[in-house]
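Trainee: Dropping in target-v2.cif, which is mmCIF, C-alpha atoms:
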data_work
loop_
_atom_site.group_PDB
_atom_site.id
_atom_site.type_symbol
_atom_site.label_atom_id
_atom_site.label_comp_id
_atom_site.auth_asym_id
_atom_site.auth_seq_id
_atom_site.Cartn_x
_atom_site.Cartn_y
_atom_site.Cartn_z
ATOM 1 C CA MET A 1 -36.285 -18.752 -9.713
ATOM 2 C CA CYS A 2 -32.939 -19.759 -11.181
ATOM 3 C CA ILE A 3 -32.638 -23.173 -12.818
ATOM 4 C CA LEU A 4 -28.845 -23.104 -13.196
ATOM 5 C CA THR A 5 -26.505 -23.806 -10.295
ATOM 6 C CA LYS A 6 -23.904 -21.282 -9.199
ATOM 7 C CA GLU A 7 -21.160 -23.424 -10.745
ATOM 8 C CA GLU A 8 -23.023 -23.607 -14.067
ATOM 9 C CA GLN A 9 -23.481 -19.839 -14.035
ATOM 10 C CA ARG A 10 -19.801 -19.303 -13.186
ATOM 11 C CA LYS A 11 -18.793 -21.520 -16.117
ATOM 12 C CA ILE A 12 -21.035 -19.621 -18.551
ATOM 13 C CA ALA A 13 -19.835 -16.238 -17.240
ATOM 14 C CA ARG A 14 -16.164 -17.260 -17.605
ATOM 15 C CA GLU A 15 -16.806 -18.467 -21.158
ATOM 16 C CA ASN A 16 -18.545 -15.194 -22.024
ATOM 17 C CA LEU A 17 -15.687 -13.152 -20.539
ATOM 18 C CA ASN A 18 -13.065 -15.167 -22.394
ATOM 19 C CA LYS A 19 -14.884 -14.492 -25.688
ATOM 20 C CA MET A 20 -14.658 -10.725 -25.187
ATOM 21 C CA SER A 21 -11.887 -8.889 -26.964
ATOM 22 C CA TYR A 22 -9.402 -6.734 -25.081
ATOM 23 C CA PHE A 23 -10.822 -3.734 -26.953
ATOM 24 C CA ASP A 24 -14.390 -4.500 -25.825
ATOM 25 C CA ARG A 25 -13.330 -4.940 -22.202
ATOM 26 C CA SER A 26 -11.303 -1.708 -22.283
ATOM 27 C CA PHE A 27 -14.035 0.334 -23.967
ATOM 28 C CA LYS A 28 -16.800 -0.964 -21.702
ATOM 29 C CA SER A 29 -14.597 -0.458 -18.622
ATOM 30 C CA GLN A 30 -14.151 3.202 -19.590
ATOM 31 C CA MET A 31 -17.914 3.560 -20.041
ATOM 32 C CA ILE A 32 -18.640 1.994 -16.636
ATOM 33 C CA VAL A 33 -16.119 4.268 -14.913
ATOM 34 C CA SER A 34 -17.657 7.256 -16.705
ATOM 35 C CA ASP A 35 -21.144 6.174 -15.576
ATOM 36 C CA ILE A 36 -19.964 5.941 -11.954
ATOM 37 C CA ILE A 37 -18.257 9.344 -12.100
ATOM 38 C CA ASN A 38 -21.349 10.936 -13.681
ATOM 39 C CA SER A 39 -23.586 9.379 -11.009
ATOM 40 C CA LYS A 40 -21.734 11.425 -8.342
ATOM 41 C CA LEU A 41 -21.459 8.223 -6.286
ATOM 42 C CA ILE A 42 -17.827 8.938 -5.379
ATOM 43 C CA ASN A 43 -18.691 12.460 -4.178
ATOM 44 C CA ASN A 44 -20.942 11.109 -1.399
ATOM 45 C CA HIS A 45 -18.377 8.787 0.211
ATOM 46 C CA SER A 46 -15.013 9.250 1.868
ATOM 47 C CA HIS A 47 -13.548 5.761 2.574
ATOM 48 C CA ILE A 48 -13.702 3.675 -0.576
ATOM 49 C CA LEU A 49 -12.642 0.102 -1.265
ATOM 50 C CA LEU A 50 -11.734 -0.490 -4.888
ATOM 51 C CA TYR A 51 -9.742 -3.270 -6.568
ATOM 52 C CA LYS A 52 -7.066 -3.962 -9.174
ATOM 53 C CA ALA A 53 -8.686 -5.841 -12.038
ATOM 54 C CA MET A 54 -7.712 -9.154 -13.508
ATOM 55 C CA ILE A 55 -7.602 -9.165 -17.334
ATOM 56 C CA THR A 56 -11.245 -10.291 -17.674
ATOM 57 C CA GLU A 57 -12.670 -7.934 -15.020
ATOM 58 C CA VAL A 58 -13.920 -4.379 -15.367
ATOM 59 C CA ASN A 59 -10.805 -2.204 -15.134
ATOM 60 C CA ILE A 60 -11.521 0.611 -12.666
ATOM 61 C CA ASP A 61 -8.002 2.077 -12.457
ATOM 62 C CA TRP A 62 -9.306 5.433 -13.724
ATOM 63 C CA LEU A 63 -11.927 5.469 -10.990
ATOM 64 C CA LEU A 64 -9.243 4.865 -8.372
ATOM 65 C CA GLU A 65 -7.231 7.802 -9.713
ATOM 66 C CA PHE A 66 -10.352 9.991 -9.927
ATOM 67 C CA ALA A 67 -11.250 9.266 -6.302
ATOM 68 C CA MET A 68 -7.695 10.007 -5.168
ATOM 69 C CA THR A 69 -7.711 13.305 -7.076
ATOM 70 C CA TYR A 70 -10.789 14.350 -5.123
ATOM 71 C CA GLY A 71 -9.204 13.585 -1.777
ATOM 72 C CA LYS A 72 -11.014 10.343 -1.044
ATOM 73 C CA GLN A 73 -9.387 7.754 1.220
ATOM 74 C CA CYS A 74 -8.941 4.729 -1.034
ATOM 75 C CA TYR A 75 -8.109 1.159 -0.075
ATOM 76 C CA LEU A 76 -7.311 -2.032 -1.938
ATOM 77 C CA PRO A 77 -8.145 -5.546 -0.772
ATOM 78 C CA ARG A 78 -5.622 -8.236 0.044
ATOM 79 C CA VAL A 79 -6.449 -11.863 0.770
ATOM 80 C CA ASN A 80 -5.254 -13.071 4.163
ATOM 81 C CA GLY A 81 -6.423 -16.613 4.880
ATOM 82 C CA ASP A 82 -10.197 -16.632 4.442
ATOM 83 C CA ASN A 83 -10.597 -12.881 4.734
ATOM 84 C CA ILE A 84 -9.937 -9.616 2.965
ATOM 85 C CA GLU A 85 -7.759 -7.062 4.682
ATOM 86 C CA LEU A 86 -7.347 -3.458 3.601
ATOM 87 C CA VAL A 87 -4.254 -1.543 2.577
ATOM 88 C CA LYS A 88 -4.387 2.220 2.056
ATOM 89 C CA TYR A 89 -3.687 3.374 -1.497
ATOM 90 C CA PRO A 90 -1.307 4.536 -2.935
ATOM 91 C CA CYS A 91 0.920 1.594 -2.215
ATOM 92 C CA ARG A 92 3.216 -0.831 -3.960
ATOM 93 C CA LEU A 93 1.534 -3.770 -5.726
ATOM 94 C CA GLN A 94 2.638 -7.346 -6.262
ATOM 95 C CA LYS A 95 1.006 -10.523 -7.534
ATOM 96 C CA GLY A 96 -0.779 -12.260 -4.696
ATOM 97 C CA ALA A 97 -3.409 -14.950 -4.329
ATOM 98 C CA PHE A 98 -4.858 -16.160 -7.620
ATOM 99 C CA GLY A 99 -2.352 -14.008 -9.593
ATOM 100 C CA ILE A 100 -4.210 -10.829 -8.667
ATOM 101 C CA LEU A 101 -2.262 -7.629 -8.068
ATOM 102 C CA GLU A 102 -2.476 -7.001 -4.348
ATOM 103 C CA PRO A 103 -1.268 -4.134 -2.217
ATOM 104 C CA VAL A 104 1.935 -4.402 -0.211
ATOM 105 C CA GLY A 105 2.005 -2.654 3.123
ATOM 106 C CA GLU A 106 0.490 -2.638 6.548
ATOM 107 C CA ALA A 107 -3.143 -3.705 6.845
ATOM 108 C CA VAL A 108 -5.371 -0.988 8.277
ATOM 109 C CA GLU A 109 -8.655 -0.912 10.150
ATOM 110 C CA THR A 110 -11.072 1.697 8.865
ATOM 111 C CA ASN A 111 -14.771 2.201 8.280
ATOM 112 C CA ILE A 112 -15.467 1.641 4.582
ATOM 113 C CA ASP A 113 -18.552 3.505 3.349
ATOM 114 C CA LEU A 114 -18.386 2.521 -0.352
ATOM 115 C CA CYS A 115 -17.190 -0.734 -1.855
ATOM 116 C CA ILE A 116 -16.773 -1.224 -5.612
ATOM 117 C CA VAL A 117 -16.503 -4.955 -6.314
ATOM 118 C CA PRO A 118 -15.729 -7.196 -9.268
ATOM 119 C CA VAL A 119 -18.112 -10.021 -10.147
ATOM 120 C CA LEU A 120 -18.396 -13.107 -12.281
ATOM 121 C CA ALA A 121 -22.090 -12.417 -12.867
ATOM 122 C CA VAL A 122 -24.983 -10.178 -11.826
ATOM 123 C CA ASP A 123 -28.733 -10.091 -12.313
ATOM 124 C CA LYS A 124 -31.318 -7.324 -12.506
ATOM 125 C CA ASP A 125 -32.282 -7.850 -8.847
ATOM 126 C CA ASN A 126 -28.813 -6.685 -7.698
ATOM 127 C CA ASN A 127 -27.563 -10.171 -6.910
ATOM 128 C CA ARG A 128 -23.856 -10.777 -7.377
ATOM 129 C CA LEU A 129 -22.087 -14.013 -8.190
ATOM 130 C CA GLY A 130 -18.463 -14.061 -7.144
ATOM 131 C CA LYS A 131 -15.751 -16.599 -7.718
ATOM 132 C CA GLY A 132 -17.029 -18.857 -4.956
ATOM 133 C CA LYS A 133 -14.686 -18.298 -2.029
ATOM 134 C CA GLY A 134 -16.978 -15.909 -0.123
ATOM 135 C CA TYR A 135 -14.326 -13.246 0.548
ATOM 136 C CA TYR A 136 -16.590 -10.294 -0.206
ATOM 137 C CA ASP A 137 -19.618 -11.787 1.577
ATOM 138 C CA ARG A 138 -17.527 -12.131 4.754
ATOM 139 C CA PHE A 139 -16.153 -8.619 4.222
ATOM 140 C CA PHE A 140 -19.661 -7.148 3.866
ATOM 141 C CA ALA A 141 -20.663 -8.791 7.144
ATOM 142 C CA LYS A 142 -18.049 -6.549 8.842
ATOM 143 C CA PHE A 143 -19.305 -3.426 7.025
ATOM 144 C CA PRO A 144 -23.090 -3.878 6.751
ATOM 145 C CA ASN A 145 -23.694 -0.147 6.233
ATOM 146 C CA CYS A 146 -21.265 0.385 3.376
ATOM 147 C CA LYS A 147 -22.780 0.970 -0.039
ATOM 148 C CA LYS A 148 -22.073 -2.116 -2.141
ATOM 149 C CA VAL A 149 -21.626 -1.514 -5.867
ATOM 150 C CA ALA A 150 -20.867 -4.165 -8.476
ATOM 151 C CA VAL A 151 -19.426 -3.473 -11.914
ATOM 152 C CA ALA A 152 -19.974 -5.861 -14.824
ATOM 153 C CA PHE A 153 -20.118 -6.283 -18.565
ATOM 154 C CA ARG A 154 -23.446 -7.158 -20.261
ATOM 155 C CA GLU A 155 -21.849 -10.507 -21.037
ATOM 156 C CA GLN A 156 -21.930 -11.211 -17.284
ATOM 157 C CA GLN A 157 -25.596 -10.409 -16.778
ATOM 158 C CA PHE A 158 -28.143 -13.165 -16.160
ATOM 159 C CA ASP A 159 -31.911 -12.930 -15.746
ATOM 160 C CA SER A 160 -31.519 -14.553 -12.343
ATOM 161 C CA ILE A 161 -28.525 -15.528 -10.202
ATOM 162 C CA ALA A 162 -28.579 -18.576 -7.956
ATOM 163 C CA THR A 163 -28.381 -17.266 -4.389
ATOM 164 C CA GLU A 164 -27.971 -18.683 -0.912
ATOM 165 C CA LYS A 165 -28.821 -17.276 2.495
ATOM 166 C CA HIS A 166 -25.312 -15.874 3.096
ATOM 167 C CA ASP A 167 -25.073 -14.059 -0.276
ATOM 168 C CA VAL A 168 -25.079 -10.275 0.069
ATOM 169 C CA LYS A 169 -27.145 -8.266 -2.395
ATOM 170 C CA MET A 170 -25.601 -5.190 -4.020
ATOM 171 C CA ASN A 171 -27.089 -1.726 -3.516
ATOM 172 C CA GLU A 172 -26.321 -0.832 -7.120
ATOM 173 C CA ILE A 173 -24.855 -2.385 -10.242
ATOM 174 C CA PHE A 174 -23.218 -0.627 -13.173
ATOM 175 C CA VAL A 175 -23.371 -2.680 -16.386
ATOM 176 C CA ARG A 176 -22.210 -1.908 -19.935
#
What do you get writing this file as structure tokens?
Mentor:
Amino acid sequence: MCILTKEEQRKIARENLNKMSYFDRSFKSQMIVSDIINSKLINNHSHILLYKAMITEVNIDWLLEFAMTYGKQCYLPRVNGDNIELVKYPCRLQKGAFGILEPVGEAVETNIDLCIVPVLAVDKDNNRLGKGKGYYDRFFAKFPNCKKVAVAFREQQFDSIATEKHDVKMNEIFVR
């Protein structure tokens, strides 16, 4: 059982991320992408939701390019009100909600079978702590059968994450 609240865990995770050097984040991001590629995870899926990382998040740009090279249909998320909508990649990007690079273009409806998501924190039981707005939890409710994969730095890993009934557990987590 977790004794810290979600907000306390978010604060600690943000502090840990802010202490990391650019070099550490870049190196560990490359290792995480390499781990995902070596796992053959991408090979088994055709419609993949990825993301454009903020400076403190795991940068998966190489994974996006890898997936595209192998003919996968890739999508990026865009915030629209309280929900995430999808835009097919490649597309133009511009700063959107929260200063995050978001895709520009027409939103599409598709069946996502793999979702790679950023986190603020994770635990060893595949729980994910996001930024607190619930965008991905609502998104997962629309795609209950998609494989949900979180990527994180060791600095974001807790023994236990505070969870609530609506929180969606990840199928797999890649941590470095």
Trainee: Could you tell me which residues the PyMOL selection byres ((chain A and resi 163-167) around 10) returns for this structure, as a list in words?
Mentor: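 Going through the file, the PyMOL selection byres ((chain A and resi 163-167) around 10) ends up selecting Met1, Cys2, Thr5, Lys6, Asn127, Arg128, Leu129, Gly130, Gly134, Tyr136, Asp137, Arg138, Phe140, Ala141, Ser160, Ile161, Ala162, Val168, Lys169 and Met170 of chain A.
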Trainee: Enumerate, as number ranges by chain, the protein, DNA and RNA residues whose atoms approach (-14.5, -1.6, -13.2) to within 10 Å, taking into account only C-alpha atoms and the coordinate frame of the file.
Mentor: A: 25-26, 28-33, 36, 50-53, 57-64, 116-119, 150-153, 174-175
Trainee: Got time to write the residues from that selection, C-alpha atoms, as a short mmCIF file (atom, residue, chain, number, x, y, z; two decimals), in the coordinates of the input?
Mentor:
data_model
loop_
_atom_site.label_atom_id
_atom_site.label_comp_id
_atom_site.auth_asym_id
_atom_site.auth_seq_id
_atom_site.Cartn_x
_atom_site.Cartn_y
_atom_site.Cartn_z
CA ARG A 25 -13.33 -4.94 -22.20
CA SER A 26 -11.30 -1.71 -22.28
CA LYS A 28 -16.80 -0.96 -21.70
CA SER A 29 -14.60 -0.46 -18.62
CA GLN A 30 -14.15 3.20 -19.59
CA MET A 31 -17.91 3.56 -20.04
CA ILE A 32 -18.64 1.99 -16.64
CA VAL A 33 -16.12 4.27 -14.91
CA ILE A 36 -19.96 5.94 -11.95
CA LEU A 50 -11.73 -0.49 -4.89
CA TYR A 51 -9.74 -3.27 -6.57
CA LYS A 52 -7.07 -3.96 -9.17
CA ALA A 53 -8.69 -5.84 -12.04
CA GLU A 57 -12.67 -7.93 -15.02
CA VAL A 58 -13.92 -4.38 -15.37
CA ASN A 59 -10.80 -2.20 -15.13
CA ILE A 60 -11.52 0.61 -12.67
CA ASP A 61 -8.00 2.08 -12.46
CA TRP A 62 -9.31 5.43 -13.72
CA LEU A 63 -11.93 5.47 -10.99
CA LEU A 64 -9.24 4.86 -8.37
CA ILE A 116 -16.77 -1.22 -5.61
CA VAL A 117 -16.50 -4.96 -6.31
CA PRO A 118 -15.73 -7.20 -9.27
CA VAL A 119 -18.11 -10.02 -10.15
CA ALA A 150 -20.87 -4.16 -8.48
CA VAL A 151 -19.43 -3.47 -11.91
CA ALA A 152 -19.97 -5.86 -14.82
CA PHE A 153 -20.12 -6.28 -18.57
CA PHE A 174 -23.22 -0.63 -13.17
CA VAL A 175 -23.37 -2.68 -16.39
#
Trainee: Suppose you want the space between atom CA of A:Asp82 and atom CA of A:Ile173; what is it in Å?
Mentor: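 Going from atom CA of A:Asp82 over to atom CA of A:Ile173 covers 25.2 Å.
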Trainee: For each of A:Arg92, A:His47, A:Lys148, A:Arg14, take the minimum atom-to-atom distance to A:Glu109, counting all atoms listed in the file, then give the residue where this is smallest.
Mentor: A:His47
Trainee: From (-18.8, 7.5, -5.4), in the file's coordinates, out to 12 Å: which residues are reached, counting all atoms listed in the file? Answer as a PyMOL selection string.
Mentor: chain A and resi 33-50+63-64+66-68+70-74+113-116+146-149+172
Trainee: Please, what distance in Å, to one decimal, runs between atom CA of A:Asn16 and atom CA of A:Tyr75?
Mentor: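 Distance between the two atoms: 29.3 Å.
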Trainee: Please compute the atom CA of A:Pro103-atom CA of A:Val87 distance, one decimal, in Å.
Mentor: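 Distance reported for this atom pair: 6.2 Å.
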Trainee: A:Leu86: which residues within 6 Å, counting all atoms listed in the file, same-chain residues fewer than 4 positions away excluded, as number ranges by chain?
Mentor: A: 75-77, 107-108
Trainee: Give me the result of the PyMOL selection byres ((chain A and resi 123) around 6) on this file, residue by residue, as a VMD selection string.
Mentor: chain A and resid 122 124 to 127 157 to 161
Trainee: When you count only C-alpha atoms, which of these residues is closest to A:Leu17: A:Thr110, A:Leu120, A:Gly105, A:Val79?
Mentor: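 Smallest separation from A:Leu17 among the options: A:Leu120.
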Trainee: Box time for stretch 78-96 of chain A: axis-aligned, enclosing all its listed atoms, 6 Å extra on each side; report centre and edge lengths in Å to one decimal, as lines of an AutoDock Vina configuration file.
Mentor:
center_x = -3.7
center_y = -6.0
center_z = -1.3
size_x = 25.8
size_y = 33.2
size_z = 24.4
Trainee: Taking the file above as input, evaluate the PyMOL selection byres ((chain A and resi 99) around 12) and report the hits as a ChimeraX atom specification.
Mentor: /A:52-55,78-79,93-98,100-102
